[in-house]
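Have a look at my_file_24.cif below; it lists mmCIF, C-alpha atoms and all ligand atoms.
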data_my_file
#
loop_
_atom_site.label_atom_id
_atom_site.label_comp_id
_atom_site.auth_asym_id
_atom_site.auth_seq_id
_atom_site.Cartn_x
_atom_site.Cartn_y
_atom_site.Cartn_z
CA MET A 26 83.76 136.93 102.01
CA PRO A 27 84.67 134.51 99.19
CA ALA A 28 83.18 131.04 99.43
CA LEU A 29 85.08 128.27 101.16
CA LEU A 30 84.60 125.13 99.05
CA THR A 31 84.86 121.45 99.97
CA PRO A 32 88.18 120.10 98.67
CA PRO A 33 88.97 116.46 97.77
CA LEU A 34 89.21 114.09 100.73
CA SER A 35 91.93 111.51 101.49
CA LEU A 36 92.46 109.03 104.31
CA TYR A 37 95.71 108.56 106.23
CA VAL A 38 96.17 105.49 108.45
CA HIS A 39 99.17 105.36 110.79
CA PHE A 40 101.00 102.19 111.91
CA PRO A 41 103.43 103.14 114.65
CA TRP A 42 105.78 100.14 114.95
CA CYS A 43 109.11 99.25 113.31
CA VAL A 44 111.45 96.29 113.67
CA ARG A 45 114.01 98.73 115.01
CA LYS A 46 113.98 102.49 115.42
CA CYS A 47 116.43 104.16 113.00
CA PRO A 48 118.79 106.65 114.67
CA TYR A 49 117.84 109.54 112.35
CA CYS A 50 114.07 109.13 112.49
CA ASP A 51 111.69 111.33 114.48
CA PHE A 52 108.50 109.89 113.10
CA ASN A 53 105.90 108.58 115.53
CA SER A 54 107.39 105.11 115.43
CA TYR A 55 108.52 102.66 118.10
CA THR A 56 110.67 99.54 118.15
CA LEU A 57 108.30 96.62 118.31
CA GLN A 58 108.67 94.76 121.60
CA GLY A 59 107.72 91.10 121.25
CA GLU A 60 104.96 89.91 118.94
CA LEU A 61 102.91 92.40 116.95
CA ALA A 62 99.37 92.54 118.33
CA ALA A 63 97.81 93.32 114.95
CA ASP A 64 94.21 92.45 115.84
CA PRO A 65 93.58 94.94 118.66
CA TYR A 66 95.21 97.72 116.66
CA VAL A 67 93.14 96.97 113.56
CA ALA A 68 89.99 96.77 115.68
CA ARG A 69 90.79 100.20 117.10
CA LEU A 70 91.37 101.58 113.59
CA GLU A 71 87.97 100.22 112.57
CA ARG A 72 86.30 101.99 115.50
CA ASP A 73 88.24 105.16 114.69
CA LEU A 74 86.96 105.13 111.12
CA GLU A 75 83.42 104.59 112.28
CA ALA A 76 83.68 107.38 114.84
CA GLN A 77 84.98 109.93 112.33
CA ALA A 78 82.73 108.95 109.42
CA GLY A 79 80.04 111.46 110.43
CA ASP A 80 82.45 114.34 109.81
CA VAL A 81 82.75 113.43 106.14
CA ALA A 82 79.31 111.98 105.37
CA GLY A 83 78.62 111.83 101.64
CA ARG A 84 82.15 112.81 100.64
CA GLU A 85 84.18 110.57 98.36
CA VAL A 86 87.62 109.42 99.55
CA VAL A 87 90.03 109.74 96.63
CA SER A 88 93.14 108.18 98.17
CA VAL A 89 94.32 106.13 101.13
CA PHE A 90 97.85 106.08 102.56
CA PHE A 91 99.02 103.40 105.00
CA GLY A 92 102.06 105.06 106.57
CA GLY A 93 104.28 104.61 109.54
CA GLY A 94 106.25 103.34 111.18
CA THR A 95 106.23 100.22 109.11
CA PRO A 96 102.76 99.25 107.87
CA SER A 97 104.24 96.24 106.04
CA LEU A 98 104.68 94.62 109.48
CA PHE A 99 100.91 94.15 109.35
CA PRO A 100 99.80 91.14 107.32
CA PRO A 101 97.76 91.61 104.13
CA ALA A 102 94.64 90.38 105.93
CA ALA A 103 94.98 93.25 108.43
CA ILE A 104 95.27 95.80 105.62
CA ALA A 105 92.25 94.19 103.92
CA ARG A 106 90.25 94.60 107.14
CA VAL A 107 91.10 98.29 107.41
CA LEU A 108 90.15 98.85 103.77
CA GLY A 109 86.94 96.92 104.36
CA ALA A 110 86.10 99.23 107.25
CA ALA A 111 86.95 102.26 105.10
CA ARG A 112 84.51 100.98 102.45
CA ARG A 113 81.80 100.34 105.04
CA HIS A 114 82.03 103.67 106.79
CA LEU A 115 83.24 106.02 104.05
CA ALA A 116 82.56 106.49 100.35
CA LEU A 117 85.83 105.07 99.04
CA ALA A 118 86.20 105.87 95.33
CA PRO A 119 86.40 102.67 93.23
CA VAL A 120 89.57 104.02 91.60
CA ALA A 121 91.13 105.33 94.82
CA GLU A 122 94.93 105.30 94.99
CA VAL A 123 95.85 103.07 97.94
CA THR A 124 99.52 103.32 99.00
CA LEU A 125 101.30 101.05 101.47
CA GLU A 126 104.68 101.97 102.95
CA ALA A 127 107.04 99.03 103.16
CA ASN A 128 110.49 98.47 104.60
CA PRO A 129 112.56 96.05 102.46
CA GLY A 130 113.65 94.36 105.69
CA ALA A 131 110.09 93.90 106.93
CA ILE A 132 108.22 92.33 104.08
CA GLU A 133 107.36 88.65 103.81
CA ARG A 134 108.34 86.92 100.59
CA GLY A 135 105.37 86.92 98.23
CA ALA A 136 103.34 89.32 100.39
CA PHE A 137 103.00 92.03 97.73
CA ARG A 138 100.61 89.86 95.69
CA GLU A 139 98.40 89.56 98.73
CA TYR A 140 98.56 93.26 99.54
CA ARG A 141 97.49 93.91 95.97
CA ALA A 142 94.62 91.46 96.31
CA ALA A 143 93.68 93.29 99.52
CA GLY A 144 93.26 96.53 97.53
CA VAL A 145 96.70 98.15 97.64
CA THR A 146 97.46 99.87 94.30
CA ARG A 147 100.79 101.54 95.08
CA VAL A 148 103.78 100.82 97.33
CA SER A 149 106.41 103.12 98.80
CA LEU A 150 109.60 101.26 99.60
CA GLY A 151 112.20 102.67 102.02
CA ALA A 152 115.43 101.99 100.11
CA GLN A 153 117.42 104.96 101.54
CA SER A 154 120.72 103.92 99.90
CA PHE A 155 122.26 101.04 97.98
CA ASP A 156 125.60 101.27 99.78
CA ALA A 157 125.79 98.49 102.37
CA LYS A 158 128.16 100.46 104.61
CA ILE A 159 125.90 103.49 104.60
CA LEU A 160 122.83 101.38 105.31
CA ALA A 161 124.65 100.00 108.34
CA ALA A 162 125.59 103.53 109.46
CA LEU A 163 121.90 104.45 109.17
CA GLY A 164 120.93 101.50 111.34
CA ARG A 165 118.81 100.02 108.55
CA ILE A 166 117.67 96.43 108.90
CA HIS A 167 118.09 95.50 105.22
CA SER A 168 120.80 95.11 102.62
CA PRO A 169 120.81 96.62 99.10
CA ASP A 170 119.99 93.16 97.75
CA GLU A 171 116.89 92.92 99.90
CA THR A 172 115.70 96.21 98.39
CA ARG A 173 116.39 94.81 94.91
CA ARG A 174 114.49 91.66 95.74
CA ALA A 175 111.53 93.65 97.09
CA ALA A 176 111.44 95.77 93.90
CA GLY A 177 111.55 92.59 91.79
CA GLU A 178 108.62 91.20 93.76
CA LEU A 179 106.67 94.43 93.24
CA HIS A 180 107.06 94.08 89.48
CA ALA A 181 106.16 90.40 89.63
CA ALA A 182 103.04 91.22 91.66
CA GLY A 183 101.94 93.80 89.09
CA LEU A 184 102.50 96.68 91.54
CA THR A 185 104.62 98.63 89.09
CA ASN A 186 103.38 101.95 90.45
CA PHE A 187 105.88 102.06 93.28
CA ASN A 188 108.01 104.70 94.91
CA LEU A 189 111.53 104.35 96.27
CA ASP A 190 112.60 106.57 99.18
CA LEU A 191 116.23 107.59 98.91
CA MET A 192 118.16 109.88 101.22
CA TYR A 193 121.30 111.84 100.31
CA ALA A 194 124.02 113.77 102.13
CA LEU A 195 124.49 110.57 104.13
CA PRO A 196 127.36 109.72 106.49
CA GLY A 197 130.59 109.50 104.49
CA GLN A 198 128.77 110.00 101.15
CA ASP A 199 130.20 112.02 98.26
CA ARG A 200 128.58 113.23 95.04
CA ALA A 201 129.54 110.08 93.14
CA GLY A 202 128.00 107.98 95.91
CA ALA A 203 124.75 109.94 95.83
CA LEU A 204 124.59 109.55 92.04
CA ALA A 205 125.35 105.83 92.30
CA ASP A 206 122.35 105.51 94.63
CA VAL A 207 120.09 107.25 92.12
CA ASP A 208 121.37 104.99 89.34
CA ALA A 209 120.83 101.90 91.46
CA ALA A 210 117.30 103.08 92.22
CA LEU A 211 116.55 103.81 88.55
CA ALA A 212 117.75 100.32 87.61
CA LEU A 213 114.78 98.97 89.60
CA ALA A 214 112.33 100.83 87.33
CA PRO A 215 110.28 102.66 89.95
CA ALA A 216 107.43 104.97 88.90
CA HIS A 217 108.30 107.57 91.52
CA LEU A 218 111.31 108.56 93.56
CA SER A 219 111.43 110.56 96.80
CA HIS A 220 114.83 112.07 97.45
CA TYR A 221 115.38 113.55 100.91
CA GLN A 222 118.41 115.24 102.37
CA LEU A 223 119.22 113.54 105.67
CA THR A 224 118.31 115.99 108.40
CA LEU A 225 119.34 115.85 112.04
CA GLU A 226 116.00 115.91 113.79
CA PRO A 227 115.89 117.08 117.40
CA GLY A 228 115.50 114.24 119.88
CA THR A 229 117.01 111.57 117.64
CA VAL A 230 120.18 109.55 118.27
CA PHE A 231 121.85 111.31 115.32
CA ALA A 232 121.05 114.75 116.76
CA ALA A 233 122.75 113.76 120.02
CA ARG A 234 125.73 112.11 118.32
CA PRO A 235 125.92 113.37 114.75
CA PRO A 236 127.77 111.20 112.26
CA PRO A 237 130.20 112.92 109.85
CA LEU A 238 127.99 114.45 107.17
CA PRO A 239 128.70 116.32 103.92
CA ASP A 240 128.43 120.10 104.32
CA GLU A 241 125.59 122.17 102.83
CA ASP A 242 127.52 123.04 99.66
CA GLU A 243 128.29 119.38 99.02
CA ALA A 244 124.68 118.50 99.74
CA ALA A 245 123.47 121.16 97.28
CA ALA A 246 125.84 119.78 94.61
CA MET A 247 124.50 116.27 95.22
CA LEU A 248 120.94 117.46 94.89
CA GLU A 249 121.67 119.22 91.62
CA ALA A 250 123.54 116.28 90.13
CA CYS A 251 120.87 113.79 91.18
CA ALA A 252 118.03 116.00 89.93
CA SER A 253 119.66 116.20 86.47
CA ARG A 254 120.17 112.44 86.42
CA LEU A 255 116.52 111.91 87.28
CA ALA A 256 115.36 114.42 84.68
CA ALA A 257 117.45 112.63 82.03
CA ALA A 258 115.75 109.37 83.04
CA GLY A 259 112.29 110.92 82.43
CA PHE A 260 111.37 111.75 86.02
CA ALA A 261 109.76 115.17 86.42
CA HIS A 262 110.63 117.09 89.56
CA TYR A 263 107.14 118.05 90.75
CA GLU A 264 107.66 118.69 94.45
CA VAL A 265 110.70 119.73 96.48
CA SER A 266 111.67 116.11 97.18
CA ALA A 267 109.52 114.17 94.72
CA TYR A 268 110.14 112.99 91.16
CA ALA A 269 107.76 110.99 89.00
CA ARG A 270 107.36 109.45 85.60
CA PRO A 271 104.49 111.01 83.60
CA GLY A 272 101.15 110.33 85.26
CA ARG A 273 102.76 108.71 88.28
CA GLN A 274 102.70 111.56 90.77
CA CYS A 275 101.45 110.55 94.19
CA ARG A 276 97.79 111.56 94.21
CA HIS A 277 97.57 111.30 97.97
CA ASN A 278 100.46 113.66 98.61
CA LEU A 279 99.25 116.01 95.88
CA ASN A 280 96.04 116.34 97.85
CA TYR A 281 98.02 117.51 100.90
CA TRP A 282 100.06 119.89 98.80
CA THR A 283 96.99 121.45 97.25
CA PHE A 284 95.51 121.95 100.72
CA GLY A 285 92.98 119.15 100.38
CA ASP A 286 91.26 117.44 103.31
CA TYR A 287 92.21 114.18 105.02
CA LEU A 288 90.94 112.01 107.79
CA GLY A 289 93.69 110.88 110.16
CA VAL A 290 93.26 107.46 111.72
CA GLY A 291 95.71 105.63 114.02
CA ALA A 292 98.18 106.60 116.76
CA GLY A 293 99.31 110.21 116.42
CA ALA A 294 97.61 110.63 113.03
CA HIS A 295 96.61 114.10 111.94
CA GLY A 296 93.60 115.16 109.95
CA LYS A 297 92.36 118.33 108.29
CA LEU A 298 88.69 118.87 107.51
CA THR A 299 86.82 121.72 105.86
CA PHE A 300 83.25 122.58 106.88
CA PRO A 301 82.07 125.22 104.38
CA GLU A 302 78.65 125.60 106.04
CA ARG A 303 80.39 126.74 109.24
CA GLY A 304 83.19 128.52 107.41
CA ALA A 305 85.63 126.38 109.39
CA ILE A 306 88.82 124.42 108.75
CA VAL A 307 89.65 122.06 111.59
CA ARG A 308 92.81 120.09 112.34
CA THR A 309 92.55 116.84 114.30
CA VAL A 310 95.22 114.91 116.20
CA GLN A 311 94.99 111.45 117.69
CA PRO A 312 96.75 110.41 120.92
CA ARG A 313 100.38 109.91 119.97
CA GLU A 314 101.56 106.91 121.97
CA PRO A 315 100.13 103.61 120.76
CA ARG A 316 99.12 102.59 124.29
CA ARG A 317 97.20 105.83 124.82
CA TYR A 318 95.64 105.59 121.40
CA LEU A 319 94.52 102.02 122.06
CA ALA A 320 93.05 103.01 125.42
CA ALA A 321 91.27 106.15 124.20
CA ALA A 322 87.61 106.08 123.24
CA PRO A 323 86.97 106.21 119.48
CA GLY A 324 86.41 109.79 118.46
CA GLU A 325 88.49 111.05 121.38
CA LEU A 326 90.83 113.30 119.44
CA THR A 327 92.03 116.86 119.65
CA ARG A 328 90.28 119.29 117.33
CA LYS A 329 91.68 122.72 116.62
CA PRO A 330 90.12 125.21 114.24
CA VAL A 331 92.65 126.94 112.01
CA SER A 332 92.19 130.69 112.38
CA ALA A 333 92.00 132.97 109.35
CA VAL A 334 95.28 134.55 110.36
CA GLU A 335 97.10 131.19 110.12
CA LEU A 336 95.55 130.10 106.84
CA PRO A 337 97.76 131.83 104.25
CA PHE A 338 100.89 130.34 105.84
CA GLU A 339 99.31 126.90 106.15
CA PHE A 340 98.23 126.98 102.53
CA MET A 341 101.63 128.17 101.28
CA LEU A 342 103.52 125.68 103.45
CA ASN A 343 101.94 123.01 101.28
CA ALA A 344 101.37 124.68 97.92
CA LEU A 345 104.83 126.20 97.52
CA ARG A 346 106.47 122.79 97.75
CA LEU A 347 105.04 122.08 94.31
CA THR A 348 107.19 123.16 91.39
CA ALA A 349 103.96 124.15 89.59
CA GLY A 350 102.90 126.31 92.55
CA PHE A 351 99.22 127.16 92.97
CA ALA A 352 96.29 128.82 91.26
CA LEU A 353 94.87 131.89 93.00
CA ASP A 354 91.39 130.39 92.63
CA THR A 355 92.54 127.38 94.63
CA PHE A 356 93.84 129.65 97.37
CA VAL A 357 90.45 131.37 97.59
CA ALA A 358 88.40 128.15 97.44
CA ARG A 359 90.47 126.28 100.00
CA THR A 360 91.02 129.04 102.55
CA GLY A 361 87.87 131.12 102.05
CA LEU A 362 90.12 134.22 102.06
CA PRO A 363 90.24 136.97 99.44
CA ARG A 364 93.24 137.26 97.12
CA SER A 365 93.78 140.81 98.32
CA GLY A 366 95.06 139.54 101.69
CA ILE A 367 98.18 138.01 100.11
CA ALA A 368 98.66 140.35 97.13
CA ALA A 369 101.32 142.57 98.74
CA THR A 370 103.34 139.57 99.99
CA LEU A 371 103.23 137.95 96.56
CA GLU A 372 104.47 141.16 94.92
CA ARG A 373 107.33 141.42 97.41
CA LEU A 374 108.40 137.82 96.79
CA LEU A 375 108.18 138.32 93.03
CA ALA A 376 110.45 141.33 93.34
CA ARG A 377 112.95 139.30 95.38
CA GLY A 378 113.01 136.61 92.70
CA LEU A 379 111.64 133.93 95.01
CA LEU A 380 108.36 133.52 93.09
CA ASP A 381 107.44 133.39 89.41
CA ARG A 382 104.04 134.24 87.99
CA THR A 383 102.06 131.53 86.15
CA PRO A 384 98.94 132.01 83.96
CA ASP A 385 96.64 131.42 86.93
CA GLY A 386 98.83 131.97 89.99
CA TYR A 387 102.37 131.67 91.28
CA ARG A 388 105.10 129.12 91.65
CA PRO A 389 108.40 129.10 93.52
CA SER A 390 111.34 130.16 91.33
CA ASP A 391 114.40 127.88 91.33
CA LEU A 392 115.81 130.15 94.03
CA GLY A 393 112.55 130.04 95.98
CA LEU A 394 112.46 126.25 95.88
CA ARG A 395 115.98 126.15 97.23
CA PHE A 396 115.28 128.64 100.00
CA LEU A 397 111.71 127.72 100.76
CA ASN A 398 111.87 128.90 104.35
CA ASP A 399 112.73 132.43 103.19
CA LEU A 400 109.67 132.32 101.02
CA LEU A 401 107.36 130.96 103.68
CA VAL A 402 108.45 133.24 106.46
CA ASP A 403 106.75 136.12 104.66
CA PHE A 404 103.36 134.44 105.04
CA MET A 405 103.79 133.80 108.73
CA PRO A 406 101.26 135.55 110.93
CA GLU A 407 102.40 137.67 113.83
CA SER A 408 100.35 135.84 116.38
CA PRO A 409 101.02 134.13 119.66
CA GLU A 410 99.31 130.99 118.33
CA MET A 411 102.12 130.44 115.93
CA SER A 412 105.40 131.92 117.02
CA GLY A 413 108.00 132.18 114.30
CA ALA A 414 110.43 129.69 115.76
CA PHE A 415 107.76 127.09 116.27
CA ALA A 416 106.22 127.43 112.85
CA LEU A 417 109.50 127.27 111.02
CA SER A 418 110.78 124.38 113.05
CA ILE A 419 108.08 122.35 111.36
CA ALA A 420 108.22 124.12 108.04
CA PRO A 421 110.11 122.39 105.31
CA ALA A 422 113.77 122.94 105.89
CA ALA A 423 116.04 122.31 102.94
CA GLY A 424 115.80 118.71 101.98
CA SER A 425 113.46 117.34 104.60
CA GLN A 426 110.31 118.69 103.02
CA GLY A 427 109.04 115.59 101.40
CA ARG A 428 108.32 114.10 104.73
CA LEU A 429 105.06 115.83 105.30
CA ARG A 430 104.66 117.63 108.55
CA PRO A 431 101.18 118.92 109.14
CA LEU A 432 101.11 122.26 110.77
CA PHE A 433 100.49 123.09 114.42
CA THR A 434 101.63 119.81 115.82
CA GLY A 435 105.34 119.63 115.23
CA ALA A 436 104.71 115.92 115.46
CA GLU A 437 105.55 113.07 113.20
CA SER A 438 104.99 113.15 109.52
CA VAL A 439 101.51 112.05 108.68
CA VAL A 440 102.68 110.38 105.60
CA GLY A 441 105.91 108.86 104.77
CA GLU A 442 107.09 109.86 101.41
C1 LIG B 1 107.97 106.24 107.34
S1 LIG B 1 109.51 106.14 106.49
C2 LIG B 1 109.24 104.96 105.17
C3 LIG B 1 108.83 103.51 105.46
C4 LIG B 1 109.68 102.69 106.41
N1 LIG B 1 109.44 103.13 107.73
C5 LIG B 1 111.14 102.74 106.08
O1 LIG B 1 111.85 103.50 106.70
O2 LIG B 1 111.54 101.95 105.22
C6 LIG B 1 109.51 107.63 105.57
C7 LIG B 1 110.79 108.10 104.93
O3 LIG B 1 111.23 109.32 105.50
C8 LIG B 1 112.60 109.49 105.26
N2 LIG B 1 113.23 110.00 106.49
C9 LIG B 1 113.00 109.61 107.75
N3 LIG B 1 113.77 110.33 108.62
C10 LIG B 1 114.51 111.20 107.86
C11 LIG B 1 115.47 112.22 108.16
N4 LIG B 1 115.87 112.46 109.41
N5 LIG B 1 115.99 112.93 107.13
C12 LIG B 1 115.59 112.69 105.86
N6 LIG B 1 114.69 111.74 105.53
C13 LIG B 1 114.14 111.00 106.52
C14 LIG B 1 113.15 108.15 104.85
O4 LIG B 1 113.53 108.20 103.49
C15 LIG B 1 111.98 107.22 105.05
O5 LIG B 1 111.93 106.22 104.09
S1 LIG B 2 112.82 105.45 109.04
FE1 LIG B 2 111.15 104.05 108.78
S2 LIG B 2 111.91 102.08 109.62
FE2 LIG B 2 113.24 103.66 110.39
S3 LIG B 2 112.36 104.17 112.39
FE3 LIG B 2 111.57 105.66 110.89
S4 LIG B 2 109.63 104.84 110.28
FE4 LIG B 2 110.79 103.14 111.24
#

Let me see the file written as structure tokens.
Ligand SMILES: C[S@@+](CC[C@H](N)C(=O)[O-])C[C@H]1O[C@@H](n2cnc3c(N)ncnc32)[C@H](O)[C@@H]1O
Ligand code: SF4
Amino acid sequence: MPALLTPPLSLYVHFPWCVRKCPYCDFNSYTLQGELAADPYVARLERDLEAQAGDVAGREVVSVFFGGGTPSLFPPAAIARVLGAARRHLALAPVAEVTLEANPGAIERGAFREYRAAGVTRVSLGAQSFDAKILAALGRIHSPDETRRAAGELHAAGLTNFNLDLMYALPGQDRAGALADVDAALALAPAHLSHYQLTLEPGTVFAARPPPLPDEDEAAAMLEACASRLAAAGFAHYEVSAYARPGRQCRHNLNYWTFGDYLGVGAGAHGKLTFPERGAIVRTVQPREPRRYLAAAPGELTRKPVSAVELPFEFMLNALRLTAGFALDTFVARTGLPRSGIAATLERLLARGLLDRTPDGYRPSDLGLRFLNDLLVDFMPESPEMSGAFALSIAPAAGSQGRLRPLFTGAESVVGE
């Protein structure tokens, strides 16, 4: 058998509360009732970190992502405490990328300076749209001007490495409206832009009562127009839903997409850890509801080994989101499987025009990127552990891919962008 190698390690920390639940959102997030009890939650995160540290002893943590929910509801001192615990219990790289998700309607004036002082190096701001009517239809708690103000404060605080989340194919939106949103976002000089097609997620208010949305052809035209606008502005399209200026790709998300490891801390957080000495890759899940998470003993999480039969699909579900695709050596090192196991599938997908060859591996063709599910379905194992419907319901459907959904849970995205 080829050797399974230890991949880079990241840390994801989940904050499950929002000022108000958005009607389209199926993340593990809850409307905050009353005052935020930041201290007990942070204390629980600290114990969680301590309890899981043994699993990653001696390994360097290359990135941290504070996602939600709305982590910016937590004051800078709370974020500083969590980072302090991460430094105490883990080997946090001195140059680690540390991202904080923020909602423009849930950020104190001047707070970005303090987040930066606490150790945050990158911010991801949920702009969604710059059309006030559309923001209202989305149930957002902020205006376009509040997003502009937040971006101005990021620049003033020296946090120029920030991402803006935009959605498209929004209620009542046309192509010109989608382009106007991209232009408005570019005017704020972000380093990175995540551009998601609004998807109707089961169990959400929008799924029960869908607003009038552009059809798939209109959505595809919006995507194409916006992608060209972003390319012209110097943003490289490096993942299905992600665009970045040179050198500003999200290192944390890249680690997911290259099938790296991550510790998952906080309510409903997911982790993935590789243990080469045992030849095992294990997924972890924390109790989902905040109350259950708070009540659970540290270290009380679900662990599920990923079987060899699931691994090619799991790897591809991540790697084929990247426009650069993957190197075959990375496939072997991160799954411990031989190339021969996927050779026939790769040939078939090449012949169908869904994949292109690269010097060291494969990447999705333009067609493959557009119809990613068709590509991925070929790697799906015929096994009861992962029935087709289940696996694809959490696989990246057109447009929603950027919101990372770790496999086997069907639960909330572990990270926001
Ligand atoms: C955790 S949120 C970002 C931070 C903060 N909670 C906020 O909304 O401002 C992650 C991002 O996922 C995207 N998103 C959430 N639900 C979506 C859906 N149903 N379809 C497409 N994108 C969605 C939004 O762009 C959102 O900003
Ligand atoms: S989109 Fe963001 S703010 Fe809205 S409910 Fe989801 S996590 Fe909360």

Inset, instruction - Within 12 Å of stretch 319-324 of chain A, counting all atoms listed in the file, which residues show up once you throw out same-chain ones fewer than 3 positions away? Write them as a PyMOL selection string, please. - result: chain A and resi 41+62-80+288-293+309-316+327-328

Inset, instruction - For ligand LIG 2 (chain B), collect every residue having any atom at a distance of at most 7 Å from a ligand atom (counting only C-alpha atoms and all ligand atoms); output as a ChimeraX atom specification. - result: /A:42-43,45-47,50-52,54,93-95,128,151,165

Inset, instruction - Tell me, as a VMD selection string, which residues lie within 7 Å of stretch 270-278 of chain A, counting all atoms listed in the file; anything in the same chain fewer than 2 positions away does not count. - result: chain A and resid 35 88 to 90 122 216 to 217 259 to 261 280 to 282

Inset, instruction - Determine, counting all atoms listed in the file, which protein, DNA and RNA residues have an atom within 12 Å of an atom of A:Thr185; residues of the same chain fewer than 2 positions away are not included. Present the result as a VMD selection string. - result: chain A and resid 137 to 138 141 145 to 150 175 to 183 187 to 189 213 to 217 270 273

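Candidate residues A:Ala152, A:Ala250, A:Ala349, A:Ile104 were compared for distance to ligand LIG 1 (chain B), and the nearest is A:Ala152, using only C-alpha atoms and all ligand atoms.
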
Legend entry - A:Tyr193 environment, 10 Å, all atoms listed in the file, sequence neighbours closer than 3 positions dropped, as an NGL selection string: :A and (153-154 or 196 or 198-200 or 202-204 or 206-207 or 220-224 or 238-239 or 244 or 247-248 or 251 or 424)

Inset, instruction - Excluding A:Phe351 and any residue of its chain fewer than 6 positions from it, enumerate the residues within 12 Å of it, using all atoms listed in the file, and give them as a PyMOL selection string. - result: chain A and resi 279+282-284+340-345+357-359+380-389

Inset, instruction - State, in Å with one decimal place, the distance from atom O4 of ligand LIG 1 (chain B) to atom CA of A:Thr229. - result: 15.0 Å

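Between atom CA of A:Pro33 and atom N5 of ligand LIG 1 (chain B) there is a distance of 28.8 Å.
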